[in-house]
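This is target_27.pdb (PDB, C-alpha atoms, pLDDT in the B column).
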ATOM      1  CA  MET M   1       6.236  28.528  16.093  1.00 45.00           C
ATOM      2  CA  ARG M   2       9.047  26.043  16.379  1.00 45.00           C
ATOM      3  CA  GLN M   3       6.600  23.193  17.031  1.00 46.00           C
ATOM      4  CA  LYS M   4       4.596  23.970  13.889  1.00 46.00           C
ATOM      5  CA  SER M   5       7.620  23.476  11.665  1.00 43.00           C
ATOM      6  CA  LYS M   6       8.343  20.142  13.345  1.00 42.00           C
ATOM      7  CA  MET M   7       4.776  18.974  12.788  1.00 43.00           C
ATOM      8  CA  LYS M   8       4.915  19.756   9.063  1.00 46.00           C
ATOM      9  CA  ASN M   9       8.076  17.708   8.584  1.00 46.00           C
ATOM     10  CA  SER M  10       7.015  14.745  10.681  1.00 45.00           C
ATOM     11  CA  CYS M  11       5.686  11.575   9.098  1.00 57.00           C
ATOM     12  CA  CYS M  12       3.025  10.159  11.340  1.00 65.00           C
ATOM     13  CA  PHE M  13       0.281   7.560  11.128  1.00 62.00           C
ATOM     14  CA  THR M  14      -2.315  10.242  10.286  1.00 65.00           C
ATOM     15  CA  ASP M  15      -0.254  11.440   7.314  1.00 69.00           C
ATOM     16  CA  LYS M  16      -0.041   7.891   5.998  1.00 63.00           C
ATOM     17  CA  ILE M  17      -3.816   7.491   6.212  1.00 60.00           C
ATOM     18  CA  LYS M  18      -4.357  10.839   4.453  1.00 63.00           C
ATOM     19  CA  ALA M  19      -2.057   9.654   1.665  1.00 62.00           C
ATOM     20  CA  CYS M  20      -4.424   6.735   1.005  1.00 61.00           C
ATOM     21  CA  PHE M  21      -7.172   9.171   0.064  1.00 54.00           C
ATOM     22  CA  ALA M  22      -4.973  11.746  -1.706  1.00 58.00           C
ATOM     23  CA  GLY M  23      -5.341  10.056  -5.086  1.00 53.00           C
ATOM     24  CA  LYS M  24      -1.657  10.290  -5.965  1.00 54.00           C
ATOM     25  CA  GLN M  25      -0.972   8.001  -8.886  1.00 53.00           C
ATOM     26  CA  CYS M  26       2.163   6.323 -10.149  1.00 64.00           C
ATOM     27  CA  HIS M  27       3.557   7.036 -13.596  1.00 61.00           C
ATOM     28  CA  ASP M  28       3.408   3.499 -14.965  1.00 64.00           C
ATOM     29  CA  LEU M  29       0.498   1.142 -15.457  1.00 85.00           C
ATOM     30  CA  ILE M  30      -1.263   0.520 -12.167  1.00 87.00           C
ATOM     31  CA  ALA M  31      -3.423  -2.480 -11.332  1.00 88.00           C
ATOM     32  CA  PRO M  32      -4.970  -4.086  -8.261  1.00 89.00           C
ATOM     33  CA  LEU M  33      -2.713  -6.480  -6.405  1.00 88.00           C
ATOM     34  CA  THR M  34      -5.095  -9.323  -7.289  1.00 84.00           C
ATOM     35  CA  LYS M  35      -4.369  -8.775 -11.004  1.00 84.00           C
ATOM     36  CA  LYS M  36      -0.548  -8.832 -10.774  1.00 78.00           C
ATOM     37  CA  GLY M  37      -0.421 -12.610 -10.567  1.00 72.00           C
ATOM     38  CA  GLN M  38       3.352 -13.046 -10.457  1.00 82.00           C
ATOM     39  CA  PRO M  39       6.046 -12.623  -7.819  1.00 87.00           C
ATOM     40  CA  GLY M  40       8.230  -9.535  -7.986  1.00 90.00           C
ATOM     41  CA  ARG M  41       8.905  -6.066  -6.653  1.00 93.00           C
ATOM     42  CA  VAL M  42       6.050  -3.529  -6.675  1.00 93.00           C
ATOM     43  CA  LYS M  43       5.313  -0.010  -5.465  1.00 93.00           C
ATOM     44  CA  VAL M  44       1.999   0.770  -3.768  1.00 93.00           C
ATOM     45  CA  CYS M  45       0.260   3.612  -5.640  1.00 92.00           C
ATOM     46  CA  LYS M  46      -3.014   3.933  -3.767  1.00 91.00           C
ATOM     47  CA  ILE M  47      -5.387   2.132  -1.448  1.00 92.00           C
ATOM     48  CA  THR M  48      -9.122   2.308  -2.018  1.00 91.00           C
ATOM     49  CA  GLY M  49     -11.919   1.367   0.325  1.00 88.00           C
ATOM     50  CA  ASP M  50     -13.176   2.816   3.546  1.00 90.00           C
ATOM     51  CA  ARG M  51     -11.123   4.448   6.306  1.00 90.00           C
ATOM     52  CA  LYS M  52     -10.989   1.221   8.276  1.00 91.00           C
ATOM     53  CA  ILE M  53      -9.246  -0.669   5.453  1.00 90.00           C
ATOM     54  CA  CYS M  54      -6.836   2.186   4.836  1.00 91.00           C
ATOM     55  CA  ALA M  55      -5.987   2.513   8.536  1.00 91.00           C
ATOM     56  CA  ARG M  56      -5.472  -1.234   8.851  1.00 92.00           C
ATOM     57  CA  MET M  57      -3.119  -1.330   5.881  1.00 93.00           C
ATOM     58  CA  ALA M  58      -1.181   1.727   7.114  1.00 91.00           C
ATOM     59  CA  SER M  59      -0.744   0.119  10.536  1.00 92.00           C
ATOM     60  CA  MET M  60       0.854  -2.886   8.804  1.00 93.00           C
ATOM     61  CA  GLY M  61       3.142  -0.651   6.746  1.00 93.00           C
ATOM     62  CA  VAL M  62       1.242  -0.778   3.457  1.00 94.00           C
ATOM     63  CA  TYR M  63       0.581   2.772   2.231  1.00 91.00           C
ATOM     64  CA  PRO M  64       1.209   4.759  -0.986  1.00 92.00           C
ATOM     65  CA  GLY M  65       4.874   5.042  -1.903  1.00 91.00           C
ATOM     66  CA  VAL M  66       5.977   1.866  -0.120  1.00 94.00           C
ATOM     67  CA  GLU M  67       7.934  -0.732  -2.058  1.00 94.00           C
ATOM     68  CA  ALA M  68       7.070  -4.361  -1.389  1.00 94.00           C
ATOM     69  CA  ASP M  69       7.857  -7.841  -2.676  1.00 94.00           C
ATOM     70  CA  ILE M  70       5.076 -10.130  -3.839  1.00 91.00           C
ATOM     71  CA  VAL M  71       6.134 -13.542  -2.573  1.00 87.00           C
ATOM     72  CA  CYS M  72       3.188 -15.622  -3.665  1.00 80.00           C
ATOM     73  CA  ALA M  73       0.312 -14.439  -5.785  1.00 71.00           C
ATOM     74  CA  GLU M  74      -2.409 -16.155  -7.724  1.00 70.00           C
ATOM     75  CA  ASN M  75      -4.888 -14.183  -9.791  1.00 68.00           C
ATOM     76  CA  GLY M  76      -7.933 -13.465  -7.654  1.00 64.00           C
ATOM     77  CA  ASN M  77      -6.686 -15.373  -4.598  1.00 73.00           C
ATOM     78  CA  ARG M  78      -4.645 -14.674  -1.479  1.00 81.00           C
ATOM     79  CA  CYS M  79      -1.479 -12.640  -1.773  1.00 87.00           C
ATOM     80  CA  ILE M  80       1.624 -12.670   0.414  1.00 90.00           C
ATOM     81  CA  LEU M  81       3.630  -9.441   0.663  1.00 92.00           C
ATOM     82  CA  LYS M  82       7.005  -8.736   2.236  1.00 94.00           C
ATOM     83  CA  VAL M  83       6.995  -5.167   3.577  1.00 95.00           C
ATOM     84  CA  HIS M  84       9.547  -3.560   5.911  1.00 91.00           C
ATOM     85  CA  GLY M  85      11.054  -6.946   6.766  1.00 92.00           C
ATOM     86  CA  GLY M  86       7.712  -8.537   7.692  1.00 94.00           C
ATOM     87  CA  THR M  87       5.403 -10.865   5.800  1.00 94.00           C
ATOM     88  CA  ILE M  88       1.691 -10.113   5.398  1.00 94.00           C
ATOM     89  CA  SER M  89      -0.982 -12.437   4.044  1.00 92.00           C
ATOM     90  CA  LEU M  90      -3.870 -10.610   2.373  1.00 91.00           C
ATOM     91  CA  ASP M  91      -7.164 -12.074   1.233  1.00 89.00           C
ATOM     92  CA  ALA M  92      -8.611 -11.370  -2.214  1.00 87.00           C
ATOM     93  CA  ASP M  93     -10.978  -8.610  -1.017  1.00 89.00           C
ATOM     94  CA  ILE M  94      -8.199  -6.582   0.614  1.00 91.00           C
ATOM     95  CA  SER M  95      -5.783  -7.243  -2.272  1.00 90.00           C
ATOM     96  CA  ALA M  96      -8.348  -5.801  -4.715  1.00 90.00           C
ATOM     97  CA  ASN M  97      -8.173  -2.481  -2.808  1.00 91.00           C
ATOM     98  CA  ILE M  98      -4.385  -2.123  -3.135  1.00 92.00           C
ATOM     99  CA  PHE M  99      -3.222  -0.651  -6.459  1.00 92.00           C
ATOM    100  CA  VAL M 100       0.416  -1.247  -7.381  1.00 92.00           C
ATOM    101  CA  THR M 101       2.869  -0.804 -10.221  1.00 91.00           C
ATOM    102  CA  SER M 102       5.814  -3.031 -11.097  1.00 89.00           C
ATOM    103  CA  LEU M 103       9.355  -1.863 -10.393  1.00 86.00           C
TER     104      LEU M 103
END
How would this structure read if it were set down as structure tokens?
Amino acid sequence: MRQKSKMKNSCCFTDKIKACFAGKQCHDLIAPLTKKGQPGRVKVCKITGDRKICARMASMGVYPGVEADIVCAENGNRCILKVHGGTISLDADISANIFVTSL
């Protein structure tokens, strides 16, 4: 019984992947990362695509609820994100699957 309560409160990799498919939306205007086009602080609202894409993004620290900095973005091209102290370069296909809102 004690272990069950610990499992509910824990935040694990599986929970992060489930959050990608939960469909939780942000309150403000959301758009794909490829459409943001300017540097600034954003919050990840949801990640679309198959389980492989979602798992890959979660393993790099990009999952719903995470705040990130767009370092370099051009509409429809590669995007560079700073997340959890690391820098990630994303191609246009992956960036189109990440929906964010400005902070």
Could you tell me how far CA of Val100 (chain M) sits from CA of Lys46 (chain M), in Å to one decimal place?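 Between CA of Lys46 (chain M) and CA of Val100 (chain M) the gap is 7.2 Å.
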Could you tell me which residues the PyMOL selection byres ((chain M and resi 89) around 8) grabs in this file, written as a CSV table (one decimal) with C-alpha atoms, keeping the file's coordinate frame?
chain,number,residue,atom,x,y,z
M,78,ARG,CA,-4.6,-14.7,-1.5
M,79,CYS,CA,-1.5,-12.6,-1.8
M,80,ILE,CA,1.6,-12.7,0.4
M,81,LEU,CA,3.6,-9.4,0.7
M,87,THR,CA,5.4,-10.9,5.8
M,88,ILE,CA,1.7,-10.1,5.4
M,90,LEU,CA,-3.9,-10.6,2.4
M,91,ASP,CA,-7.2,-12.1,1.2
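By chain and then residue number, the residues within 9 Å of Arg41 (chain M) are Glu67, Ala68, Asp69, Ile70, Val71, Thr101, Ser102 and Leu103 of chain M, counting all atoms listed in the file and disregarding those fewer than 5 positions away in sequence.
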5 Å per side around region 88-93 of chain M: axis-aligned box centre and edge lengths, as lines of an AutoDock Vina configuration file:
center_x = -4.6
center_y = -10.5
center_z = 1.6
size_x = 22.7
size_y = 13.8
size_z = 17.6
How many Å separate CA of Lys43 (chain M) from CA of Ala31 (chain M)?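 Here the two named atoms are 10.8 Å from each other.
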So the first atom is CA of Val83 (chain M) and the second is CA of Val42 (chain M); what is the distance between them in Å, to one decimal place?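 That distance, rounded to one decimal, is 10.4 Å.
Between Gly37 (chain M) and the candidates M:Ala73, M:Ala58, M:Ala92, M:Ile98, the tightest atom-to-atom separation, counting all atoms listed in the file, involves M:Ala73.
Applied to this file, the PyMOL selection byres ((chain M and resi 32) around 6) selects Ala31, Leu33, Thr34, Lys35, Ala96, Ile98 and Phe99 of chain M.
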Between M:Ser59, M:Ser95, M:Gln38, M:Thr48, which has the minimum distance to Glu74 (chain M) (counting only C-alpha atoms)?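 Looking only at the distances to Glu74 (chain M), the closest residue turns out to be M:Gln38.
Comparing M:Ile94, M:Lys82, M:Gly65, M:Asn77 by their smallest distance to Lys36 (chain M), the closest is M:Asn77 (using only C-alpha atoms).
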